[in-house]
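structure19.cif (mmCIF, C-alpha atoms) appears below.
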```cif
data_model
loop_
_atom_site.group_PDB
_atom_site.id
_atom_site.type_symbol
_atom_site.label_atom_id
_atom_site.label_comp_id
_atom_site.auth_asym_id
_atom_site.auth_seq_id
_atom_site.Cartn_x
_atom_site.Cartn_y
_atom_site.Cartn_z
ATOM 1 C CA MET A 13 115.223 111.173 90.407
ATOM 2 C CA ASN A 14 113.409 108.079 89.137
ATOM 3 C CA SER A 15 111.690 104.995 90.537
ATOM 4 C CA GLU A 16 115.017 103.149 90.692
ATOM 5 C CA ASP A 17 116.173 105.658 93.327
ATOM 6 C CA HIS A 18 113.098 104.836 95.450
ATOM 7 C CA PRO A 19 111.984 101.235 94.881
ATOM 8 C CA GLU A 20 108.915 101.692 97.111
ATOM 9 C CA GLN A 21 107.558 104.159 94.526
ATOM 10 C CA ARG A 22 107.283 101.431 91.872
ATOM 11 C CA ARG A 23 104.202 99.981 93.560
ATOM 12 C CA GLU A 24 100.763 100.766 92.215
ATOM 13 C CA HIS A 25 99.454 101.871 95.642
ATOM 14 C CA PHE A 26 101.048 103.349 98.749
ATOM 15 C CA ARG A 27 101.418 100.664 101.402
ATOM 16 C CA LEU A 28 101.300 101.267 105.155
ATOM 17 C CA LEU A 29 103.121 98.781 107.349
ATOM 18 C CA TYR A 30 101.981 98.683 110.991
ATOM 19 C CA PRO A 31 104.101 98.414 114.125
ATOM 20 C CA ALA A 32 103.172 95.137 115.869
ATOM 21 C CA ALA A 33 101.436 96.934 118.759
ATOM 22 C CA GLU A 34 99.169 98.929 116.414
ATOM 23 C CA ARG A 35 97.956 96.283 113.989
ATOM 24 C CA PRO A 36 94.245 96.412 113.208
ATOM 25 C CA SER A 37 92.295 93.182 113.331
ATOM 26 C CA MET A 38 90.199 91.632 110.627
ATOM 27 C CA GLU A 39 87.212 89.420 111.309
ATOM 28 C CA ALA A 40 86.669 87.104 108.376
ATOM 29 C CA GLU A 41 84.596 83.960 108.137
ATOM 30 C CA GLY A 42 84.747 83.203 111.841
ATOM 31 C CA HIS A 43 88.458 83.970 112.193
ATOM 32 C CA ARG A 44 90.280 86.998 113.539
ATOM 33 C CA HIS A 45 93.516 88.020 111.801
ATOM 34 C CA GLU A 46 96.151 90.643 112.533
ATOM 35 C CA VAL A 47 96.524 93.080 109.650
ATOM 36 C CA VAL A 48 100.229 93.683 109.026
ATOM 37 C CA GLU A 49 99.924 96.075 106.103
ATOM 38 C CA ILE A 50 97.225 97.965 104.202
ATOM 39 C CA ALA A 51 96.933 99.615 100.801
ATOM 40 C CA GLU A 52 94.010 100.710 98.655
ATOM 41 C CA GLY A 53 94.397 97.598 96.542
ATOM 42 C CA GLY A 54 95.252 94.987 99.141
ATOM 43 C CA ILE A 55 96.154 93.914 102.651
ATOM 44 C CA ARG A 56 98.588 91.528 104.265
ATOM 45 C CA ILE A 57 97.318 89.460 107.188
ATOM 46 C CA VAL A 58 98.711 86.890 109.600
ATOM 47 C CA ILE A 59 97.388 83.380 108.988
ATOM 48 C CA ASN A 60 96.293 81.830 112.263
ATOM 49 C CA ARG A 61 97.812 78.554 113.379
ATOM 50 C CA GLY A 62 95.755 75.659 112.125
ATOM 51 C CA GLU A 63 93.986 77.719 109.474
ATOM 52 C CA SER A 64 94.557 76.902 105.839
ATOM 53 C CA MET A 65 94.389 79.300 102.914
ATOM 54 C CA LYS A 66 95.141 78.708 99.274
ATOM 55 C CA VAL A 67 95.985 81.110 96.484
ATOM 56 C CA GLY A 68 92.724 82.055 94.783
ATOM 57 C CA ASP A 69 90.535 81.604 97.887
ATOM 58 C CA SER A 70 87.908 84.329 98.358
ATOM 59 C CA LEU A 71 88.058 86.217 101.631
ATOM 60 C CA GLY A 72 85.765 88.900 102.975
ATOM 61 C CA GLY A 73 85.365 90.527 106.331
ATOM 62 C CA GLU A 74 85.650 93.656 108.385
ATOM 63 C CA ILE A 75 88.796 95.457 109.517
ATOM 64 C CA HIS A 76 88.669 97.110 112.961
ATOM 65 C CA PHE A 77 90.954 100.141 113.327
ATOM 66 C CA HIS A 78 92.473 101.907 116.357
ATOM 67 C CA ASP A 79 89.722 104.549 116.482
ATOM 68 C CA ASP A 80 86.917 101.951 116.537
ATOM 69 C CA SER A 81 86.078 102.579 112.882
ATOM 70 C CA ARG A 82 85.516 99.621 110.584
ATOM 71 C CA GLU A 83 85.775 98.990 106.875
ATOM 72 C CA SER A 84 84.377 96.021 104.999
ATOM 73 C CA VAL A 85 86.774 94.360 102.576
ATOM 74 C CA ALA A 86 86.526 91.550 100.047
ATOM 75 C CA GLY A 87 89.062 89.981 97.766
ATOM 76 C CA GLU A 88 91.082 86.892 97.070
ATOM 77 C CA VAL A 89 94.308 85.373 98.313
ATOM 78 C CA LEU A 90 96.971 86.525 95.873
ATOM 79 C CA ARG A 91 100.083 85.140 97.557
ATOM 80 C CA LEU A 92 101.146 83.196 100.641
ATOM 81 C CA ASP A 93 104.402 84.191 102.348
ATOM 82 C CA GLY A 94 105.023 81.823 105.256
ATOM 83 C CA LYS A 95 102.608 82.880 107.996
ATOM 84 C CA LEU A 96 101.315 85.818 105.950
ATOM 85 C CA ALA A 97 98.662 86.038 103.241
ATOM 86 C CA VAL A 98 98.469 88.835 100.694
ATOM 87 C CA ILE A 99 94.860 89.620 99.822
ATOM 88 C CA LYS A 100 94.119 91.520 96.593
ATOM 89 C CA LEU A 101 91.024 93.570 97.331
ATOM 90 C CA ALA A 102 88.105 93.866 94.944
ATOM 91 C CA SER A 103 86.457 96.237 97.431
ATOM 92 C CA GLY A 104 87.882 97.724 100.512
ATOM 93 C CA ILE A 105 90.066 100.306 102.101
ATOM 94 C CA SER A 106 89.381 103.891 101.108
ATOM 95 C CA LEU A 107 92.112 106.412 100.415
ATOM 96 C CA HIS A 108 90.699 108.472 103.291
ATOM 97 C CA ARG A 109 91.158 105.583 105.761
ATOM 98 C CA LEU A 110 94.672 104.970 104.473
ATOM 99 C CA MET A 111 95.562 108.626 105.095
ATOM 100 C CA VAL A 112 93.997 108.592 108.582
ATOM 101 C CA GLU A 113 96.029 105.517 109.470
ATOM 102 C CA GLN A 114 99.241 106.965 108.038
ATOM 103 C CA LEU A 115 98.843 110.197 110.043
ATOM 104 C CA TYR A 116 98.109 108.215 113.208
ATOM 105 C CA ILE A 117 101.232 106.040 112.817
ATOM 106 C CA GLN A 118 103.402 109.044 111.879
ATOM 107 C CA LYS A 119 102.244 110.974 114.919
ATOM 108 C CA LYS A 120 102.562 108.114 117.399
ATOM 109 C CA TYR A 121 105.716 106.543 115.876
ATOM 110 C CA PRO A 122 107.567 109.379 114.091
ATOM 111 C CA ARG A 123 110.447 107.237 112.834
ATOM 112 C CA PHE A 124 108.557 104.062 112.029
ATOM 113 C CA ILE A 125 107.334 104.849 108.504
ATOM 114 C CA ALA A 126 110.728 106.117 107.324
ATOM 115 C CA ASN A 127 112.459 103.061 108.833
ATOM 116 C CA SER A 128 109.886 100.621 107.409
ATOM 117 C CA ARG A 129 110.612 101.870 103.877
ATOM 118 C CA LYS A 130 114.260 100.916 104.314
ATOM 119 C CA ARG A 131 113.430 97.334 105.371
ATOM 120 C CA PRO A 132 112.544 94.640 102.901
ATOM 121 C CA VAL A 133 108.971 93.540 103.463
#
```

Show this structure as structure tokens.
Amino acid sequence: MNSEDHPEQRREHFRLLYPAAERPSMEAEGHRHEVVEIAEGGIRIVINRGESMKVGDSLGGEIHFHDDSRESVAGEVLRLDGKLAVIKLASGISLHRLMVEQLYIQKKYPRFIANSRKRPV
């Protein structure tokens, strides 16, 4: 078995996609964003209506998770995909937090992670 059999394995970091009802929020520079996806090396957030972001913009803030824990993150806008921004993190989400979130989603939504790997993101 190789990475061609499992395209999601070709990524540098494991990514965790959130069900809409479980998305953490990120407070950054006076704005609150929904976090759609997390990884050790980056996040994907919803761009609020009326807010403008450009590739290369710096962005820092704090992500608020389901268990009231918080992690500070900082990085830059790597890509814009419609209403979503991909932020490459220079500092941010720990592997421990990623695992806690994955276990939480797996327990609460047993089929979600397996199904999300089948969908193009």

* Asked: Pick from A:Glu34, A:Glu63, A:Glu83, A:Glu74: nearest to Tyr121 (chain A), with all atoms listed in the file counted?
  ->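 So, comparing all the options, the nearest one is A:Glu34.
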
* Proximity to Ser64 (chain A) - best of A:Leu92, A:Ala102, A:Val112, A:Val48, all atoms listed in the file ->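 Result for the nearest residue to Ser64 (chain A): A:Leu92.
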
* Could you tell me how far CA of Asp80 (chain A) lies from CA of Asn60 (chain A), in Å and to one decimal? =>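 Atom-to-atom, CA of Asp80 (chain A) to CA of Asn60 (chain A), that is 22.6 Å.
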
* Asked: For the file shown, what are the residues hit by the PyMOL selection byres ((chain A and resi 53) around 12), laid out as a list of chain:residue names?
  ->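 For this structure, the PyMOL selection byres ((chain A and resi 53) around 12) captures A:Arg23, A:Glu24, A:His25, A:Phe26, A:Arg27, A:Leu28, A:Glu49, A:Ile50, A:Ala51, A:Glu52, A:Gly54, A:Ile55, A:Arg56, A:Val85, A:Ala86, A:Gly87, A:Glu88, A:Leu90, A:Val98, A:Ile99, A:Lys100, A:Leu101, A:Ala102, A:Ser103, A:Gly104, A:Ile105, A:Ser106, A:Leu107, A:Leu110.
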
* Asked: Which distance in Å separates CA of Tyr116 (chain A) and CA of Leu29 (chain A), to one decimal?
  ->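 Atom-to-atom, CA of Tyr116 (chain A) to CA of Leu29 (chain A), that is 12.2 Å.
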
* To do: Considering only C-alpha atoms, state which residue in the set A:His78, A:Ser84, A:Val58, A:Lys95 is at the smallest distance from Ala33 (chain A).
  => A:His78

* To do: Just give me the gap between CA of Leu115 (chain A) and CA of Gly73 (chain A) in Å, one decimal is fine.
  =>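 These atoms are spaced 24.1 Å apart.
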
* To do: Go through A:Asp93, A:Phe77, A:Ile59, A:Met65 one by one, measure the shortest atom-to-atom distance of each to Tyr30 (chain A) using only C-alpha atoms, and give the residue with the smallest value.
  => A:Phe77
